[in-house]
file model25.txt (compact mmCIF, C-alpha atoms)
# COMPACT_ATOMS: atom_id res chain seq x y z
CA MET A 1 -5.17 20.97 9.39
CA PRO A 2 -2.32 19.07 7.71
CA THR A 3 1.12 19.64 9.19
CA PRO A 4 4.11 20.73 7.06
CA PHE A 5 5.40 17.14 7.12
CA GLN A 6 2.04 15.86 5.90
CA TRP A 7 2.06 18.35 3.01
CA PHE A 8 5.63 17.25 2.24
CA SER A 9 4.59 13.58 2.34
CA LEU A 10 1.63 14.29 0.06
CA PHE A 11 3.85 16.03 -2.49
CA VAL A 12 6.57 13.36 -2.44
CA ILE A 13 4.06 10.50 -2.74
CA VAL A 14 2.41 12.11 -5.77
CA LEU A 15 5.79 12.63 -7.47
CA ALA A 16 6.99 9.08 -6.71
CA THR A 17 3.74 7.48 -7.89
CA MET A 18 3.65 9.49 -11.10
CA GLY A 19 7.33 8.72 -11.67
CA GLY A 20 6.69 4.98 -11.27
CA GLY A 21 3.97 5.00 -13.91
CA TRP A 22 5.52 7.48 -16.32
CA ALA A 23 7.45 5.08 -18.57
CA PRO A 24 4.63 2.58 -19.32
CA LEU A 25 2.02 5.30 -19.92
CA SER A 26 4.28 7.51 -22.04
CA ARG A 27 5.24 4.84 -24.59
CA PRO A 28 3.09 3.48 -27.43
CA ARG A 29 1.34 0.22 -26.58
CA ASP A 30 3.38 -1.81 -29.06
CA GLN A 31 6.59 -0.69 -27.35
CA THR A 32 5.46 -1.65 -23.83
CA LYS A 33 7.40 -4.62 -22.53
CA GLU A 34 7.42 -6.63 -19.34
CA ALA A 35 10.01 -5.44 -16.86
CA GLU A 36 11.32 -6.55 -13.52
CA GLY A 37 10.57 -3.25 -11.84
CA TYR A 38 12.46 -2.83 -8.55
CA PRO A 39 13.09 -6.34 -7.15
CA LEU A 40 15.35 -5.41 -4.22
CA GLY A 41 13.15 -2.43 -3.40
CA GLU A 42 10.13 -4.72 -3.31
CA ALA A 43 11.92 -7.15 -0.98
CA PHE A 44 13.06 -4.28 1.26
CA ALA A 45 9.50 -2.94 1.36
CA ALA A 46 8.18 -6.40 2.31
CA GLY A 47 10.39 -6.36 5.40
CA ILE A 48 9.23 -2.85 6.29
CA PHE A 49 5.58 -3.86 5.85
CA LEU A 50 6.05 -6.86 8.13
CA ALA A 51 7.77 -4.90 10.89
CA LEU A 52 5.41 -1.92 10.71
CA SER A 53 2.40 -4.19 10.88
CA LEU A 54 3.45 -6.43 13.76
CA THR A 55 5.72 -4.22 15.87
CA MET A 56 3.99 -0.83 15.49
CA MET A 57 0.52 -0.74 14.01
CA LEU A 58 -1.14 -3.78 15.57
CA PRO A 59 0.23 -3.19 19.12
CA ALA A 60 -0.70 0.50 18.86
CA SER A 61 -4.18 -0.43 17.69
CA TYR A 62 -4.60 -2.75 20.70
CA THR A 63 -3.60 0.08 23.04
CA LEU A 64 -5.88 2.65 21.45
CA LEU A 65 -8.93 0.39 21.15
CA ALA A 66 -8.51 -0.74 24.75
CA ARG A 67 -8.64 2.93 25.80
CA ALA A 68 -11.58 3.76 23.55
CA LEU A 69 -13.55 0.58 24.41
CA PRO A 70 -12.45 -0.36 27.94
CA GLY A 71 -15.36 -2.75 28.49
CA LEU A 72 -14.66 -4.86 25.39
CA ASN A 73 -12.82 -8.06 26.26
CA PHE A 74 -12.06 -9.19 22.71
CA PRO A 75 -9.03 -8.82 20.39
CA ILE A 76 -10.94 -6.52 18.03
CA ALA A 77 -7.72 -5.12 16.52
CA SER A 78 -6.66 -8.57 15.32
CA LEU A 79 -10.12 -9.21 13.91
CA ILE A 80 -10.06 -5.94 11.92
CA ALA A 81 -6.59 -6.77 10.60
CA ILE A 82 -7.69 -10.28 9.58
CA VAL A 83 -10.80 -8.98 7.82
CA SER A 84 -8.68 -6.41 5.94
CA MET A 85 -6.35 -9.17 4.76
CA LEU A 86 -9.20 -11.44 3.70
CA VAL A 87 -11.01 -8.69 1.78
CA LEU A 88 -7.83 -7.87 -0.16
CA LEU A 89 -7.15 -11.57 -0.73
CA GLY A 90 -10.67 -12.06 -2.06
CA LEU A 91 -10.30 -9.12 -4.41
CA THR A 92 -6.98 -10.53 -5.63
CA HIS A 93 -8.61 -13.88 -6.38
CA MET A 94 -11.36 -12.07 -8.29
CA ILE A 95 -8.76 -10.31 -10.42
CA ARG A 96 -7.01 -13.62 -11.20
CA HIS A 97 -10.27 -15.28 -12.23
CA LEU A 98 -11.15 -12.34 -14.48
CA GLU A 99 -7.74 -12.54 -16.14
CA GLU A 100 -8.26 -16.25 -16.81
CA ASP A 101 -11.85 -15.89 -18.06
CA LEU A 102 -11.47 -12.86 -20.33
CA GLU A 103 -10.08 -13.62 -23.77
CA THR A 104 -9.49 -10.68 -26.11
CA ASP A 105 -7.73 -9.98 -29.36
CA ALA A 106 -4.11 -9.25 -28.44
CA SER A 107 -3.78 -6.74 -31.27
CA GLN A 108 -6.52 -4.61 -29.69
CA GLY A 109 -5.09 -4.84 -26.20
CA ALA A 110 -6.35 -6.74 -23.17
CA SER A 111 -9.73 -6.09 -21.62
CA PRO A 112 -9.73 -2.92 -19.50
CA ILE A 113 -11.91 -4.54 -16.81
CA VAL A 114 -9.00 -6.19 -15.00
CA PRO A 115 -6.70 -3.14 -14.71
CA VAL A 116 -9.62 -0.89 -13.71
CA ILE A 117 -10.68 -3.26 -10.90
CA MET A 118 -7.02 -3.68 -9.96
CA THR A 119 -6.73 0.09 -9.67
CA VAL A 120 -9.66 0.22 -7.25
CA MET A 121 -8.27 -2.74 -5.31
CA ILE A 122 -4.90 -1.04 -4.80
CA ALA A 123 -6.37 2.44 -4.28
CA ILE A 124 -8.56 1.43 -1.32
CA PRO A 125 -5.70 0.25 0.94
CA SER A 126 -3.60 3.15 -0.36
CA PHE A 127 -6.28 5.52 0.96
CA PHE A 128 -6.25 3.90 4.40
CA LEU A 129 -2.44 3.92 4.55
CA GLY A 130 -2.54 7.63 3.78
CA ALA A 131 -5.13 8.09 6.52
CA VAL A 132 -2.84 6.34 9.00
CA LEU A 133 -0.01 8.67 8.01
CA GLY A 134 -2.40 11.58 8.52
CA VAL A 135 -3.20 10.59 12.11
CA SER A 136 0.36 9.63 13.10
CA ASP A 137 2.97 11.91 14.59
CA THR A 138 6.07 12.78 12.59
CA LYS A 139 8.36 10.03 13.88
CA GLN A 140 6.02 7.18 12.99
CA ALA A 141 4.73 8.96 9.88
CA LEU A 142 8.29 9.04 8.49
CA LEU A 143 8.55 5.25 8.59
CA ILE A 144 5.08 4.89 7.10
CA LEU A 145 6.06 7.35 4.36
CA ILE A 146 9.13 5.28 3.45
CA ALA A 147 7.05 2.10 3.23
CA ILE A 148 4.37 3.82 1.13
CA LEU A 149 6.96 5.25 -1.27
CA LEU A 150 8.66 1.90 -1.77
CA HIS A 151 5.36 0.18 -2.41
CA LYS A 152 3.62 2.81 -4.51
CA THR A 153 6.54 3.27 -6.90
CA SER A 154 6.59 -0.42 -7.81
CA ALA A 155 2.79 -0.70 -7.71
CA ALA A 156 2.47 2.35 -9.96
CA PHE A 157 4.83 0.80 -12.51
CA ALA A 158 2.95 -2.52 -12.52
CA LEU A 159 -0.45 -0.85 -12.68
CA ALA A 160 0.58 1.53 -15.45
CA LEU A 161 1.96 -1.43 -17.37
CA LYS A 162 -1.41 -3.22 -17.09
CA LEU A 163 -3.28 -0.09 -18.18
CA SER A 164 -0.99 0.50 -21.14
CA GLU A 165 -1.46 -3.10 -22.30
CA SER A 166 -5.27 -2.83 -22.15
CA SER A 167 -7.61 -1.57 -24.86
CA LEU A 168 -8.26 1.63 -22.91
CA ALA A 169 -7.51 4.82 -24.80
CA ARG A 170 -4.30 6.40 -23.51
CA SER A 171 -6.19 9.42 -22.17
CA ARG A 172 -8.61 7.20 -20.21
CA ALA A 173 -5.76 5.04 -18.93
CA ARG A 174 -4.13 8.16 -17.52
CA ILE A 175 -7.39 9.19 -15.84
CA VAL A 176 -7.68 5.76 -14.19
CA PHE A 177 -4.04 5.98 -13.13
CA GLY A 178 -4.69 9.44 -11.70
CA PHE A 179 -7.32 7.90 -9.43
CA PHE A 180 -4.62 5.61 -8.01
CA VAL A 181 -2.17 8.52 -7.66
CA SER A 182 -4.69 10.57 -5.66
CA ALA A 183 -5.79 7.80 -3.26
CA THR A 184 -3.00 8.16 -0.70
CA PRO A 185 -2.89 12.00 -0.69
CA ILE A 186 -6.67 12.09 -0.14
CA GLY A 187 -6.19 9.61 2.70
CA ILE A 188 -3.55 11.86 4.28
CA LEU A 189 -5.88 14.87 4.13
CA ALA A 190 -8.83 12.84 5.46
CA GLY A 191 -6.79 11.50 8.37
CA SER A 192 -5.43 14.94 9.20
CA PHE A 193 -8.83 16.66 9.16
CA ALA A 194 -10.52 13.80 11.04
CA GLY A 195 -7.91 14.02 13.76
CA SER A 196 -8.57 17.72 14.23
CA GLU A 197 -12.37 17.62 14.05
CA LEU A 198 -13.39 14.54 16.03
CA ALA A 199 -13.83 14.41 19.80
CA ALA A 200 -10.94 13.00 21.81
CA ASN A 201 -12.40 9.51 22.35
CA ALA A 202 -13.60 9.34 18.74
CA VAL A 203 -10.09 10.23 17.54
CA ILE A 204 -8.62 7.41 19.65
CA LEU A 205 -11.20 4.97 18.28
CA ALA A 206 -10.66 6.09 14.67
CA ARG A 207 -6.89 5.82 15.00
CA GLY A 208 -7.16 2.35 16.52
CA VAL A 209 -9.41 1.10 13.71
CA LEU A 210 -7.25 2.69 11.00
CA LEU A 211 -4.06 1.23 12.45
CA ALA A 212 -5.65 -2.24 12.62
CA MET A 213 -6.79 -1.94 9.00
CA ALA A 214 -3.34 -0.74 7.98
CA ALA A 215 -1.74 -3.63 9.89
CA GLY A 216 -3.79 -6.11 7.88
CA THR A 217 -3.07 -4.21 4.68
CA PHE A 218 0.68 -4.14 5.31
CA LEU A 219 0.69 -7.85 6.16
CA PHE A 220 -1.11 -8.52 2.89
CA MET A 221 1.25 -6.30 0.90
CA GLY A 222 4.30 -8.02 2.35
CA THR A 223 3.14 -11.64 2.25
CA LEU A 224 0.09 -12.28 0.05
CA ASN A 225 -0.01 -9.46 -2.51
CA GLU A 226 -0.10 -10.89 -6.05
CA LEU A 227 -0.13 -14.37 -4.50
CA GLN A 228 2.71 -16.42 -6.04
CA SER A 229 4.45 -13.23 -7.18
CA THR A 230 4.61 -11.71 -3.70
CA PRO A 231 8.08 -10.32 -2.86
CA MET A 232 8.37 -12.63 0.17
CA ILE A 233 8.19 -15.64 -2.17
CA ARG A 234 9.47 -14.44 -5.54
CA ARG A 235 12.21 -12.03 -4.42
CA CYS A 236 13.37 -13.54 -1.11
CA ARG A 237 14.26 -16.95 -2.54
CA HIS A 238 17.56 -15.37 -3.62
CA TRP A 239 20.06 -14.27 -0.99
CA ARG A 240 20.13 -10.66 -2.16
CA GLY A 241 16.36 -10.32 -1.98
CA PHE A 242 16.21 -12.12 1.37
CA THR A 243 18.95 -9.85 2.72
CA ALA A 244 17.07 -6.77 1.50
CA MET A 245 13.91 -8.01 3.23
CA LEU A 246 15.81 -8.64 6.48
CA LEU A 247 17.36 -5.17 6.21
CA GLY A 248 13.95 -3.53 5.91
CA LEU A 249 12.63 -5.65 8.78
CA GLY A 250 15.65 -4.98 11.00
CA LEU A 251 15.80 -1.23 10.42
CA THR A 252 12.09 -0.77 11.07
CA THR A 253 12.18 -2.95 14.19
CA ALA A 254 15.18 -0.98 15.46
CA ALA A 255 13.29 2.24 14.82
CA ARG A 256 10.35 0.86 16.79
CA TRP A 257 12.66 0.05 19.70
CA LEU A 258 14.12 3.57 19.62
CA LEU A 259 10.65 5.12 19.52
CA GLY A 260 9.50 3.11 22.52
CA GLU A 261 5.79 3.40 23.19
CA ALA A 262 5.42 6.68 21.28
CA HIS A 263 3.26 5.02 18.64
CA SER A 264 0.40 4.64 21.10
CA LEU A 265 -0.51 8.09 19.68
CA GLY A 266 -1.76 9.11 23.10

call {"tool": "encode", "arguments": {"input": "model25.txt", "output": "structure tokens"}}
result
Amino acid sequence: MPTPFQWFSLFVIVLATMGGGWAPLSRPRDQTKEAEGYPLGEAFAAGIFLALSLTMMLPASYTLLARALPGLNFPIASLIAIVSMLVLLGLTHMIRHLEEDLETDASQGASPIVPVIMTVMIAIPSFFLGAVLGVSDTKQALLILIAILLHKTSAAFALALKLSESSLARSRARIVFGFFVSATPIGILAGSFAGSELAANAVILARGVLLAMAAGTFLFMGTLNELQSTPMIRRCRHWRGFTAMLLGLGLTTAARWLLGEAHSLG
């Protein structure tokens, strides 16, 4: 069963995600304008993603998978993380090609295909990140929650902006956005229930795989997400953005040092 902190995380994530998408989806399409979003928050989140991935999730995944599969002499955690990154990168390329190929009448709004696929693309890793939060103890889950909130608020704004600019009816755009909102909370519930129902060795294996997938996802979010527009390139070229990224990286690394080996999720 979900813990009180997991219920709290679920509630806060839903509120933050809905808050991020509220402005674009509440205004008429002709009043929707491009906006910068949260540049320093994005840079700070990139640093958190990097530190969580390489100092917590991937090492923890190695430890757990080594316990669950003691006879396997292969860096399976790294392979899972790499595959996760490549799948997300491939989906991103697909989105870019669709945007270039589809030409629609601007007065009717852009084609809804791109924002709908984009929603699915972002919702899948959001589900797995929620699942990781669901199988983590409170100390690590707090850091994961902060990273998720920073990412989902900006992602929700960008996604809602895309949906509002498309030819989707406003009611359908909100339904699609609701799918994105629910992805992480469903992941939290799935991770929590899986952790309580599976056998001990299966729980260790599931946590190891989820952490490896999340490590690849966080690396992607911090370094390759949106390709040339990724915060590590677009935001960190200025000293304020670079400082915000280093702050997120430093704080999360310090937290990892204070937590010691607790994230092995024994």

call {"tool": "atom_distance", "arguments": {"input": "model25.txt", "atom1": "atom CA of A:Phe8", "atom2": "atom CA of A:Leu52"}}
result
21.0 Å

call {"tool": "residues_around", "arguments": {"input": "model25.txt", "residues": "A:Ser84", "least_positions_apart": "5", "cutoff": "9 Å", "atoms": "all atoms listed in the file", "output": "PyMOL selection string"}}
result
chain A and resi 79+89+125+212-217+220

call {"tool": "write_last_selection", "arguments": {"input": "model25.txt", "atoms": "C-alpha atoms", "output": "PDB file, keeping the file's coordinate frame"}}
result
ATOM      1  CA  LEU A  79     -10.120  -9.210  13.910  1.00  0.00           C
ATOM      2  CA  LEU A  89      -7.150 -11.570  -0.730  1.00  0.00           C
ATOM      3  CA  PRO A 125      -5.700   0.250   0.940  1.00  0.00           C
ATOM      4  CA  ALA A 212      -5.650  -2.240  12.620  1.00  0.00           C
ATOM      5  CA  MET A 213      -6.790  -1.940   9.000  1.00  0.00           C
ATOM      6  CA  ALA A 214      -3.340  -0.740   7.980  1.00  0.00           C
ATOM      7  CA  ALA A 215      -1.740  -3.630   9.890  1.00  0.00           C
ATOM      8  CA  GLY A 216      -3.790  -6.110   7.880  1.00  0.00           C
ATOM      9  CA  THR A 217      -3.070  -4.210   4.680  1.00  0.00           C
ATOM     10  CA  PHE A 220      -1.110  -8.520   2.890  1.00  0.00           C
TER      11      PHE A 220
END

call {"tool": "closest_residue", "arguments": {"input": "model25.txt", "among": "A:Val209, A:Leu145, A:Ala156, A:Ala190", "to": "A:Gly19", "atoms": "only C-alpha atoms"}}
result
A:Ala156

call {"tool": "atom_distance", "arguments": {"input": "model25.txt", "atom1": "atom CA of A:Ser9", "atom2": "atom CA of A:Ala81"}}
result
24.6 Å

call {"tool": "residues_around", "arguments": {"input": "model25.txt", "residues": "A:Phe180", "least_positions_apart": "4", "cutoff": "7 Å", "atoms": "all atoms listed in the file", "output": "list in words"}}
result
Thr119, Ala123 and Val176 of chain A

call {"tool": "build_atoms", "arguments": {"input": "model25.txt", "residues": "stretch 63-74 of chain A", "atoms": "all heavy atoms", "output": "CSV table (one decimal), keeping the file's coordinate frame"}}
result
chain,number,residue,atom,x,y,z
A,63,THR,N,-3.6,-0.9,22.0
A,63,THR,CA,-3.6,0.1,23.0
A,63,THR,C,-4.7,1.1,22.9
A,63,THR,O,-5.4,1.4,23.8
A,63,THR,CB,-2.2,0.8,23.0
A,63,THR,OG1,-1.2,-0.2,23.2
A,63,THR,CG2,-2.2,1.8,24.1
A,64,LEU,N,-4.9,1.6,21.7
A,64,LEU,CA,-5.9,2.6,21.4
A,64,LEU,C,-7.3,2.1,21.6
A,64,LEU,O,-8.2,2.8,22.2
A,64,LEU,CB,-5.7,3.2,20.0
A,64,LEU,CG,-4.4,4.0,19.9
A,64,LEU,CD1,-4.1,4.3,18.4
A,64,LEU,CD2,-4.5,5.4,20.6
A,65,LEU,N,-7.6,0.9,21.1
A,65,LEU,CA,-8.9,0.4,21.2
A,65,LEU,C,-9.3,0.0,22.6
A,65,LEU,O,-10.4,0.1,23.0
A,65,LEU,CB,-9.1,-0.8,20.2
A,65,LEU,CG,-9.1,-0.5,18.7
A,65,LEU,CD1,-9.1,-1.7,17.9
A,65,LEU,CD2,-10.2,0.5,18.4
A,66,ALA,N,-8.3,-0.4,23.3
A,66,ALA,CA,-8.5,-0.7,24.8
A,66,ALA,C,-8.9,0.5,25.5
A,66,ALA,O,-9.7,0.5,26.5
A,66,ALA,CB,-7.3,-1.4,25.4
A,67,ARG,N,-8.3,1.7,25.2
A,67,ARG,CA,-8.6,2.9,25.8
A,67,ARG,C,-10.0,3.4,25.4
A,67,ARG,O,-10.8,4.0,26.2
A,67,ARG,CB,-7.6,4.0,25.5
A,67,ARG,CG,-6.2,3.7,26.2
A,67,ARG,CD,-5.2,4.7,25.7
A,67,ARG,NE,-5.6,6.1,25.8
A,67,ARG,CZ,-4.9,7.1,25.3
A,67,ARG,NH1,-3.8,6.9,24.6
A,67,ARG,NH2,-5.3,8.3,25.5
A,68,ALA,N,-10.3,3.3,24.1
A,68,ALA,CA,-11.6,3.8,23.6
A,68,ALA,C,-12.8,2.9,23.9
A,68,ALA,O,-13.9,3.3,24.1
A,68,ALA,CB,-11.5,3.9,22.0
A,69,LEU,N,-12.5,1.5,24.1
A,69,LEU,CA,-13.6,0.6,24.4
A,69,LEU,C,-13.1,-0.3,25.6
A,69,LEU,O,-12.8,-1.5,25.5
A,69,LEU,CB,-13.8,-0.3,23.2
A,69,LEU,CG,-14.2,0.4,21.9
A,69,LEU,CD1,-14.2,-0.6,20.7
A,69,LEU,CD2,-15.5,1.1,22.0
A,70,PRO,N,-13.0,0.3,26.8
A,70,PRO,CA,-12.4,-0.4,27.9
A,70,PRO,C,-13.3,-1.6,28.4
A,70,PRO,O,-12.7,-2.5,29.0
A,70,PRO,CB,-12.4,0.7,29.0
A,70,PRO,CG,-13.5,1.7,28.6
A,70,PRO,CD,-13.4,1.7,27.1
A,71,GLY,N,-14.5,-1.6,28.1
A,71,GLY,CA,-15.4,-2.8,28.5
A,71,GLY,C,-15.3,-3.9,27.5
A,71,GLY,O,-15.9,-5.0,27.8
A,72,LEU,N,-14.7,-3.8,26.4
A,72,LEU,CA,-14.7,-4.9,25.4
A,72,LEU,C,-13.5,-5.8,25.6
A,72,LEU,O,-12.3,-5.4,25.5
A,72,LEU,CB,-14.5,-4.3,24.0
A,72,LEU,CG,-14.6,-5.2,22.8
A,72,LEU,CD1,-16.0,-5.9,22.8
A,72,LEU,CD2,-14.3,-4.5,21.5
A,73,ASN,N,-13.8,-7.1,26.0
A,73,ASN,CA,-12.8,-8.1,26.3
A,73,ASN,C,-12.7,-9.0,25.1
A,73,ASN,O,-13.0,-10.2,25.1
A,73,ASN,CB,-13.2,-8.9,27.5
A,73,ASN,CG,-12.1,-9.8,27.9
A,73,ASN,OD1,-10.9,-9.6,27.6
A,73,ASN,ND2,-12.4,-10.8,28.7
A,74,PHE,N,-12.2,-8.4,23.9
A,74,PHE,CA,-12.1,-9.2,22.7
A,74,PHE,C,-11.0,-8.5,21.9
A,74,PHE,O,-10.9,-7.3,21.8
A,74,PHE,CB,-13.4,-9.2,21.9
A,74,PHE,CG,-13.4,-10.1,20.7
A,74,PHE,CD1,-13.6,-11.4,20.8
A,74,PHE,CD2,-13.1,-9.5,19.4
A,74,PHE,CE1,-13.6,-12.2,19.7
A,74,PHE,CE2,-13.1,-10.3,18.3
A,74,PHE,CZ,-13.3,-11.7,18.5
